[in-house]
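Let me begin by presenting the structure, written as C-alpha cells, before commenting on it.
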Amino acid sequence: MIRTTRENDKVKDVSSLNAKYYDTKNKIVASIGKYYTYSCIFFSIMIITFLTYFIASKGLSTFLKDGVSLFDFLLGTEWKPEHENTPKFGAFAFIFGSFAVTLLSVSLSTPLSVGAAIFMAEISPKSGSRFLQPVIELLVGIPSVVYGFIGLSVIVPFMRNTFGGTGFCLASGTLVLTIMILPTITSVSYDSLKALPGGLKDASYALGATRWQTIYRVLIPTALPSILTGVVLGMARAFGEALAVQMVIGNVQRLPNSIFDSISTLTSILTLEMSNTIAGTTYNNALWSMALILLLMSFIFIFIIRILGKGSKLNER
Amino acid sequence: MVTHNNISFAEKDIAIETRNLNIYYGAKHAIKNLSMQIKKLDITAFIGPSGCGKSTYLRALNRMNDLIPIAKTTGEILFDGQNICDKNIDLAKIRQKIGMVWQKPNPFNKSIYENIVFALKYYGIKQKHVLDEIVEDSLKKVALWDEVKDRLHKSALALSGGQQQRLCIARAIATKPEILLLDEPTSALDPISSAKIEELLFELKKDYTIIIVTHNMQQAGRISSYTAFFLMGDLIEYNETNVIFTNPVIDKTNDYIMGRFG
C-alpha cells in the first residue's frame with residue numbers, strides 16, 4: 001500500500017511538471033506552428049484561386065467579349081487569327097492533336113509499363129528494388145527538353161528514313177511521349193503491386209495457381225485502381241507536355257490525314273504563339289481559351305484519380 | 001537433444017509422412033532431421049514457441065517454402081506414394097490435394113462466389129451448375145451458407161473477420177483436398193469466431209486430415225488427437241494429445257505446456 005501511494009505521488013509530480021512545461025514554452029511553439037501552417041495553406045489556396053480566375057477570365061472573354069462562338073472555337077478547323085477581315089479561331093485541330101498524342105502514347109505505354117512493373121515486383125523483386133526502381137525514378141526526373149532532343153536527333157530521322165516525309169509527325173510525338181510517361185506509369189504500378197497484402201499471393205499459390213495465373217487473376221485485378229491512377233497520371237503528363245512534343249511534331253496547323261502527318265497540339269501552339277500576340281486582342285484571348293482547356297483537363301484528370309483512389313479504399317475494407 | 005517420438009500408424013492410416021526432413025533459411029537450420037507420420041482423417045496440432053520451426057514445417061507440406069528464395073529443403077515428404085519434395089512434382093496438383101489457411105484471413109478482392117471457384121476454373125471445371133453446387137457445398141461445410149447465400153456475388157471483403165476466415169477454409173476445401181494445413185487460423189479472430197472455427201474443424205475432420213499450428217494450448221488440447229511439440233527446429237515430443245497434456249515424457253514439453261517458457 002505504501003509503495004503504491006509513493007508511485008502515485010511520483011506520477012503526480014511528473015504530470016504537474018508537464019503541465020507547467022506546456023503552460024509556457026510549448027504553448028508559444030504550438031501557436032507559431034499553427035499559424036505557420038495556416039498561412040501556408042491559405043497561400044496555396046490563394047494561388048490556385050487566382051490562377052483559375054485569371055485563366056478563366058482571359059479564356060472566357062474570347063467568347064463573352066470578342067464574340068467568337070464556342071462552337072466555332074471547339075469544332076472549327078480554320079486557325080487564321082491574324083487575317084485582316086475575317087479572322088478564324090477554330091482550334092479543333094489542336095484539341096484533336098493533343099488528345100491524339102495523349103491517347104496513342106498512353107495506349108502504347110501502358111502495356112509496356114505494367115509489364116515492366118510486374119517484372120520488377122514479381123519476377124525479379126531483387127533486381128527490381130535494388131537496380132530497376134532507382135533507374136525508373138531517375139527517368140521520371142529527366143527534363144523534357146532532353147527527351148525532345150533525343151526525339152529530334154533519333155526518332156525524327158528514323159521516321160523520315162522509314163516512312164518518308166519530314167519525320168516531324170504525330171507518330172514521332174507519340175513515341176517521345178510514350179518514352180516520357182513510361183517511368184511514371186511503371187513506378188506507380190510497381191508501388192501498387194508492392195503494396196498488395198502478401199497473403200493474397202500465398203493464397204493463390206496455395207490453391208495451385210501458377211505464377212502467371214496469380215499475377216493475371218489476383219494481383220493485377222486487386223491493384224487495378226492504383227495502376228489506373230498511374231495511367232491517368234501519365235495521361236496528364238502527356239496532355240500537358242509542351243516542349244518535347246513541340247520539338248518533334250512539325251507544328252502544322254491542320255488536321256492530320258495519317259499518323260505520319262505533321263500536327264499541332266494545344267501546348268505547342270501556346271508556346272509558339274503566345275509571345276507573338278498582344279494582351280487583350282482576340283488572338284491573345286483565344287490562346288488563353290486553349291490554356292483554359294488544358295486547365296480543365298487537368299482538373300478532370302485529378303478528379304478521375306480521386307475517384308479511383310476512393311474505389312481502392314472501399315475495396316480494402 | 002532428448003526427444004520422444006515413437007508414434008507410428010498402419011500404412012493405410014497415414015495421410016502424409018516425413019522422413020529426415022531438413023530445411024535451411026540461408027545459414028539458419030530451421031528444421032532438423034524431422035521424421036513423423038500424420039494420421040488420416042484426424043486433427044494433429046503443432047505447438048511450440050515462436051521461431052521453433054512449426055510453421056516452416058507446415059509450409060513445407062505443400063511446398064509453400066518454394067516462394068522463399070533462400071529456403072532449401074532436403075529429405076522426403078511422402079504423400080500419395082510420391083515424394084513431394086521432388087523437383088519434378090506437379091505443384092498445382094499437390095496444392096490442390098493439400099490446402100492451406102493462414103492466420104490472417106486473405107480472401108481475394110472478388111465476390112464470395114468468385115473466391116470459391118477461383119481454383120476450380122483452372123482445374124478445367126467450367127459448367128455453371130457444377131460450380132454452383134461446389135460453392136453451396138463448400139459454404140455449407142463451413143457453416144457460412146445461411147449467412148451469405150443472398151449475397152454470393154457481393155465482395156468477400158465486406159464480410160467480418162470470422163466470416164472471411166471461414167470463407168478461406170471454404171475456398172481451400174472447394175478443390176476437394178485430402179489435407180488441410182492451418183497456420184494459427186484463429187489467432188486473429190475474436191473468441192466467438194474462434195469457437196465457431198474450432199467447432200467447424202471438428203466437423204471437417206470427418207472428411208479431411210487437418211494439421212493445425214497453434215499458440216493456444218487450450219485449443220490444441222480441445223480439438224486435436226495428436227500433438228507435436230517443436231523447439232528450435234527439433235521435434236521434441238509427438239504423442240497423443242491427452243498424453244502430451246497430462247503426462248509428457250520430456251521435461252521441456254511439460255515446461256512449455258505449463259507456461260514456464262515460450
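Chains: A, B, ... in order of the C-alpha cells. Residues: from 1 per chain. Ligands: from 1, in order shown.
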
* Interface residues on chain B facing chain A, 8 Å, only C-alpha atoms, written as a VMD selection string -> chain B and resid 62 64 91 to 96 99 to 102 104 106 to 109 119 122 157 to 158 172 175

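Neighbouring residues of Val231 (chain A) at 8 Å or closer, counting only C-alpha atoms and skipping chain neighbours under 4 positions away, are Val106, Thr110, Ile185, Ile227 and Met235 of chain A.
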
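Put simply, CA of Phe46 (chain B) is 9.1 Å away from CA of Tyr238 (chain B).
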
* Spatial neighbours of Asn22 (chain B), max dist 8 Å, only C-alpha atoms, sep filter under 2 positions, as number ranges by chain -> B: 20, 24, 29-34, 73-75

Serialized selection, C-alpha atoms, as an mmCIF file, in the first residue's frame:
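Saved file again.cif follows:
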```
data_model
loop_
_atom_site.group_PDB
_atom_site.id
_atom_site.type_symbol
_atom_site.label_atom_id
_atom_site.label_comp_id
_atom_site.auth_asym_id
_atom_site.auth_seq_id
_atom_site.Cartn_x
_atom_site.Cartn_y
_atom_site.Cartn_z
ATOM 1 C CA ASN B 20 14.680 -36.967 -42.475
ATOM 2 C CA TYR B 24 17.518 -24.217 -44.111
ATOM 3 C CA HIS B 29 18.834 -24.621 -39.778
ATOM 4 C CA ALA B 30 15.068 -24.218 -39.345
ATOM 5 C CA ILE B 31 14.002 -27.878 -39.312
ATOM 6 C CA LYS B 32 16.463 -30.520 -38.120
ATOM 7 C CA ASN B 33 16.211 -34.049 -39.442
ATOM 8 C CA LEU B 34 12.489 -34.373 -38.869
ATOM 9 C CA THR B 73 14.816 -28.364 -48.314
ATOM 10 C CA THR B 74 16.314 -31.857 -48.174
ATOM 11 C CA GLY B 75 14.682 -35.155 -47.228
#
```

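Each of B:Val135, B:Thr3, B:Thr241, B:Ile211 was checked against Tyr57 (chain B) using only C-alpha atoms; the smallest atom-to-atom distance is that of B:Ile211.
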
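Across A:Met180, A:Ala286, A:Ile28, A:Leu51, the tightest approach to Gly151 (chain A) is made by A:Met180 when counting only C-alpha atoms.
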
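Take CA of Leu61 (chain B) and CA of Thr246 (chain B): the distance between them is 28.6 Å.
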
* Structure fact -> One decimal place gives the CA of Leu272 (chain A)-CA of Phe168 (chain A) separation as 15.9 Å

* **Surrounding residues of Thr186 (chain B) excluding itself and chain neighbours under 2 positions, 9 Å, only C-alpha atoms, as a list in words** => Trp102, Gln103, Lys104, Gly162, Gln165, Asp183, Glu184, Ala188, Leu189, Asp190, Pro191, Ser193, Ser194, Ala195, Ile197, Glu198 and Thr214 of chain B

Among region 195-262 of chain A, which ones does DSSP place in helix (DSSP H, G or I), written as a tab-separated table (two decimals) with C-alpha atoms, in the first residue's frame?
```
chain	number	residue	atom	x	y	z
A	198	GLY	CA	1.37	-10.69	-49.04
A	199	GLY	CA	-1.39	-13.09	-48.04
A	200	LEU	CA	-3.04	-12.75	-51.44
A	201	LYS	CA	-0.11	-14.23	-53.30
A	202	ASP	CA	0.28	-17.05	-50.79
A	203	ALA	CA	-3.42	-17.87	-51.02
A	204	SER	CA	-3.32	-18.03	-54.79
A	205	TYR	CA	-0.22	-20.22	-54.92
A	206	ALA	CA	-1.60	-22.48	-52.21
A	211	ARG	CA	2.81	-17.57	-61.19
A	212	TRP	CA	1.10	-16.28	-64.32
A	213	GLN	CA	-2.38	-17.13	-63.02
A	214	THR	CA	-1.55	-15.44	-59.74
A	215	ILE	CA	-0.37	-12.28	-61.48
A	216	TYR	CA	-3.16	-12.20	-64.02
A	217	ARG	CA	-6.10	-13.22	-61.88
A	218	VAL	CA	-5.23	-11.96	-58.40
A	219	LEU	CA	-2.50	-9.35	-58.31
A	220	ILE	CA	-3.43	-7.18	-61.31
A	221	PRO	CA	-7.19	-7.08	-60.60
A	222	THR	CA	-6.53	-6.14	-56.98
A	223	ALA	CA	-4.00	-3.44	-57.89
A	224	LEU	CA	-6.05	-2.18	-60.83
A	225	PRO	CA	-7.38	1.07	-59.29
A	226	SER	CA	-3.83	2.14	-58.39
A	227	ILE	CA	-2.48	1.07	-61.77
A	228	LEU	CA	-5.18	3.13	-63.46
A	229	THR	CA	-4.18	6.07	-61.28
A	230	GLY	CA	-0.70	5.71	-62.76
A	231	VAL	CA	-2.18	5.64	-66.26
A	232	VAL	CA	-4.16	8.83	-65.60
A	233	LEU	CA	-1.05	10.50	-64.18
A	234	GLY	CA	0.74	9.50	-67.38
A	235	MET	CA	-2.13	10.95	-69.43
A	236	ALA	CA	-1.96	14.20	-67.50
A	237	ARG	CA	1.75	14.42	-68.15
A	238	ALA	CA	1.33	13.64	-71.84
A	239	PHE	CA	-1.53	16.11	-72.27
A	240	GLY	CA	0.35	18.92	-70.59
A	243	LEU	CA	8.43	21.34	-75.22
A	244	ALA	CA	9.33	17.75	-76.11
A	245	VAL	CA	6.21	17.40	-78.23
A	246	GLN	CA	6.65	20.70	-79.99
A	247	MET	CA	10.19	19.74	-80.98
A	248	VAL	CA	9.10	16.67	-82.99
```

* Could you give me, as a VMD selection string, the residues within 9 Å of Glu203 (chain B), counting only C-alpha atoms and dropping anything in the same chain fewer than 4 positions from it? => chain B and resid 141 to 142 198 to 199 207

Keeping only C-alpha atoms, write the selected residues to a file as a PDB file, in the first residue's frame.
```pdb
ATOM      1  CA  LYS B 141     -19.437 -27.251 -44.851  1.00  0.00           C
ATOM      2  CA  VAL B 142     -18.008 -24.148 -43.189  1.00  0.00           C
ATOM      3  CA  GLU B 198     -12.963 -24.871 -33.772  1.00  0.00           C
ATOM      4  CA  GLU B 199     -16.409 -26.370 -33.959  1.00  0.00           C
ATOM      5  CA  ASP B 207     -13.619 -35.657 -44.474  1.00  0.00           C
TER       6      ASP B 207
END
```

* To do: Assign secondary structure with DSSP using the backbone only, and return the residues of region 19-193 of chain B in strand (DSSP E or B) as an MDAnalysis selection string.
  => chainID B and resid 19:25 28:39 43:47 71:79 82:83 98:101 111 155 179:183

Could the residues in this selection be written to a file with N, CA and C atoms, as a short mmCIF file (atom, residue, chain, number, x, y, z; two decimals), in the first residue's frame?
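part.cif was written with the following content:
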```
data_model
loop_
_atom_site.label_atom_id
_atom_site.label_comp_id
_atom_site.auth_asym_id
_atom_site.auth_seq_id
_atom_site.Cartn_x
_atom_site.Cartn_y
_atom_site.Cartn_z
N ARG B 19 10.24 -37.92 -43.84
CA ARG B 19 11.45 -38.68 -43.48
C ARG B 19 12.68 -37.82 -43.61
N ASN B 20 13.38 -37.66 -42.51
CA ASN B 20 14.68 -36.97 -42.48
C ASN B 20 14.62 -35.61 -43.17
N LEU B 21 13.62 -34.83 -42.82
CA LEU B 21 13.45 -33.53 -43.47
C LEU B 21 14.35 -32.48 -42.81
N ASN B 22 15.09 -31.76 -43.66
CA ASN B 22 15.89 -30.64 -43.18
C ASN B 22 15.52 -29.41 -43.98
N ILE B 23 15.29 -28.29 -43.30
CA ILE B 23 15.01 -27.05 -44.01
C ILE B 23 15.98 -25.98 -43.51
N TYR B 24 16.59 -25.28 -44.46
CA TYR B 24 17.52 -24.22 -44.11
C TYR B 24 17.00 -22.90 -44.66
N TYR B 25 17.06 -21.85 -43.84
CA TYR B 25 16.85 -20.49 -44.35
C TYR B 25 18.21 -19.83 -44.39
N LYS B 28 20.51 -20.48 -41.41
CA LYS B 28 19.72 -20.98 -40.28
C LYS B 28 19.14 -22.36 -40.58
N HIS B 29 19.35 -23.27 -39.65
CA HIS B 29 18.83 -24.62 -39.78
C HIS B 29 17.45 -24.65 -39.12
N ALA B 30 16.40 -24.46 -39.91
CA ALA B 30 15.07 -24.22 -39.35
C ALA B 30 14.35 -25.50 -38.93
N ILE B 31 14.59 -26.58 -39.67
CA ILE B 31 14.00 -27.88 -39.31
C ILE B 31 15.13 -28.90 -39.37
N LYS B 32 15.31 -29.64 -38.23
CA LYS B 32 16.46 -30.52 -38.12
C LYS B 32 16.04 -31.98 -38.18
N ASN B 33 16.36 -32.60 -39.28
CA ASN B 33 16.21 -34.05 -39.44
C ASN B 33 14.90 -34.58 -38.89
N LEU B 34 13.81 -34.07 -39.41
CA LEU B 34 12.49 -34.37 -38.87
C LEU B 34 11.89 -35.60 -39.55
N SER B 35 11.40 -36.53 -38.74
CA SER B 35 10.65 -37.65 -39.29
C SER B 35 9.37 -37.78 -38.49
N MET B 36 8.23 -37.83 -39.16
CA MET B 36 6.98 -38.08 -38.45
C MET B 36 5.88 -38.51 -39.41
N GLN B 37 4.90 -39.20 -38.86
CA GLN B 37 3.74 -39.61 -39.65
C GLN B 37 2.51 -38.86 -39.13
N ILE B 38 1.64 -38.48 -40.05
CA ILE B 38 0.41 -37.79 -39.66
C ILE B 38 -0.78 -38.69 -39.97
N LYS B 39 -1.68 -38.80 -39.00
CA LYS B 39 -2.79 -39.73 -39.15
C LYS B 39 -3.89 -39.16 -40.04
N ILE B 43 -7.15 -34.75 -36.41
CA ILE B 43 -6.54 -33.44 -36.26
C ILE B 43 -5.23 -33.58 -35.51
N THR B 44 -4.16 -33.09 -36.10
CA THR B 44 -2.85 -33.07 -35.47
C THR B 44 -2.47 -31.62 -35.20
N ALA B 45 -2.04 -31.33 -33.99
CA ALA B 45 -1.65 -29.95 -33.66
C ALA B 45 -0.14 -29.84 -33.55
N PHE B 46 0.42 -28.73 -34.06
CA PHE B 46 1.83 -28.42 -33.86
C PHE B 46 1.89 -27.28 -32.86
N ILE B 47 2.62 -27.49 -31.76
CA ILE B 47 2.78 -26.40 -30.80
C ILE B 47 4.26 -26.12 -30.59
N ALA B 71 15.19 -20.41 -48.91
CA ALA B 71 14.86 -21.67 -48.24
C ALA B 71 15.35 -22.86 -49.06
N LYS B 72 15.95 -23.83 -48.34
CA LYS B 72 16.45 -25.03 -49.01
C LYS B 72 15.95 -26.24 -48.25
N THR B 73 15.42 -27.20 -48.96
CA THR B 73 14.82 -28.36 -48.31
C THR B 73 15.51 -29.64 -48.78
N THR B 74 15.83 -30.52 -47.81
CA THR B 74 16.31 -31.86 -48.17
C THR B 74 15.49 -32.88 -47.40
N GLY B 75 15.46 -34.12 -47.90
CA GLY B 75 14.68 -35.16 -47.23
C GLY B 75 13.44 -35.49 -48.03
N GLU B 76 12.57 -36.26 -47.40
CA GLU B 76 11.40 -36.75 -48.13
C GLU B 76 10.11 -36.41 -47.40
N ILE B 77 9.11 -36.00 -48.16
CA ILE B 77 7.75 -35.91 -47.63
C ILE B 77 6.89 -36.77 -48.54
N LEU B 78 6.39 -37.89 -48.00
CA LEU B 78 5.66 -38.85 -48.83
C LEU B 78 4.17 -38.60 -48.72
N PHE B 79 3.56 -38.41 -49.90
CA PHE B 79 2.12 -38.17 -49.95
C PHE B 79 1.59 -38.88 -51.19
N GLN B 82 4.18 -40.49 -53.49
CA GLN B 82 5.28 -39.78 -54.12
C GLN B 82 5.95 -38.83 -53.13
N ASN B 83 7.20 -38.50 -53.43
CA ASN B 83 7.93 -37.56 -52.59
C ASN B 83 7.66 -36.16 -53.10
N ILE B 98 -3.53 -30.59 -51.05
CA ILE B 98 -3.15 -30.14 -49.71
C ILE B 98 -3.42 -28.65 -49.62
N GLY B 99 -4.56 -28.30 -49.04
CA GLY B 99 -4.96 -26.89 -48.96
C GLY B 99 -4.37 -26.20 -47.75
N MET B 100 -4.42 -24.87 -47.77
CA MET B 100 -3.81 -24.13 -46.66
C MET B 100 -4.64 -22.92 -46.28
N VAL B 101 -4.66 -22.63 -44.98
CA VAL B 101 -5.36 -21.45 -44.47
C VAL B 101 -4.43 -20.74 -43.51
N SER B 111 -15.85 -11.41 -55.57
CA SER B 111 -17.08 -11.78 -54.88
C SER B 111 -16.86 -13.09 -54.10
N SER B 155 -18.83 -8.41 -52.69
CA SER B 155 -17.40 -8.53 -52.37
C SER B 155 -17.18 -9.33 -51.09
N ILE B 179 -5.82 -33.04 -47.40
CA ILE B 179 -5.23 -32.49 -46.18
C ILE B 179 -5.48 -30.98 -46.13
N LEU B 180 -5.76 -30.48 -44.93
CA LEU B 180 -5.88 -29.03 -44.72
C LEU B 180 -4.79 -28.59 -43.76
N LEU B 181 -3.98 -27.64 -44.20
CA LEU B 181 -2.95 -27.09 -43.31
C LEU B 181 -3.45 -25.75 -42.77
N LEU B 182 -3.48 -25.60 -41.46
CA LEU B 182 -4.00 -24.38 -40.87
C LEU B 182 -2.91 -23.73 -40.02
N ASP B 183 -2.53 -22.52 -40.40
CA ASP B 183 -1.46 -21.83 -39.68
C ASP B 183 -2.08 -20.80 -38.73
#
```

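Here the question is which of B:Lys252, B:Gly81, B:Pro69, B:Lys205 gets nearest to Ser124 (chain A) using only C-alpha atoms, and that residue is B:Pro69.
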
* Which neighbours of Phe299 (chain A) fall inside 12 Å, counting only C-alpha atoms, when residues of the same chain fewer than 3 positions from it are skipped, and could you give them as a PyMOL selection string? -> chain A and resi 48+52+232-233+236+240+292-296+302-306

Could you please take those selected residues and save N, CA and C atoms as a compact mmCIF listing (two decimals), in the first residue's frame?
```txt
# COMPACT_ATOMS: atom_id res chain seq x y z
N ILE A 48 -4.10 29.01 -56.24
CA ILE A 48 -4.99 28.20 -57.11
C ILE A 48 -6.19 29.03 -57.53
N THR A 52 -6.84 30.12 -61.40
CA THR A 52 -8.04 29.69 -62.10
C THR A 52 -8.84 30.89 -62.58
N VAL A 232 -3.61 7.48 -65.50
CA VAL A 232 -4.16 8.83 -65.60
C VAL A 232 -3.07 9.88 -65.35
N LEU A 233 -2.17 9.58 -64.40
CA LEU A 233 -1.05 10.50 -64.18
C LEU A 233 -0.22 10.62 -65.45
N ALA A 236 -2.05 12.79 -67.86
CA ALA A 236 -1.96 14.20 -67.50
C ALA A 236 -0.61 14.76 -67.94
N GLY A 240 -0.19 17.62 -70.95
CA GLY A 240 0.35 18.92 -70.59
C GLY A 240 1.74 19.16 -71.13
N LEU A 292 -7.20 27.48 -70.90
CA LEU A 292 -8.33 27.09 -70.04
C LEU A 292 -8.71 25.63 -70.28
N ILE A 293 -8.66 25.22 -71.55
CA ILE A 293 -8.96 23.80 -71.85
C ILE A 293 -7.95 22.89 -71.15
N LEU A 294 -6.67 23.28 -71.22
CA LEU A 294 -5.63 22.48 -70.54
C LEU A 294 -5.89 22.41 -69.05
N LEU A 295 -6.27 23.55 -68.47
CA LEU A 295 -6.53 23.59 -67.03
C LEU A 295 -7.71 22.69 -66.67
N LEU A 296 -8.79 22.81 -67.47
CA LEU A 296 -9.97 21.98 -67.20
C LEU A 296 -9.64 20.50 -67.32
N ILE A 302 -7.38 14.98 -62.33
CA ILE A 302 -7.27 14.86 -60.87
C ILE A 302 -8.55 14.27 -60.28
N PHE A 303 -9.68 14.71 -60.85
CA PHE A 303 -10.98 14.20 -60.41
C PHE A 303 -11.05 12.68 -60.59
N ILE A 304 -10.60 12.21 -61.76
CA ILE A 304 -10.61 10.76 -62.02
C ILE A 304 -9.72 10.03 -61.01
N ILE A 305 -8.55 10.61 -60.73
CA ILE A 305 -7.63 9.97 -59.79
C ILE A 305 -8.27 9.86 -58.41
N ARG A 306 -8.98 10.97 -57.99
CA ARG A 306 -9.64 10.93 -56.69
C ARG A 306 -10.69 9.81 -56.64
```
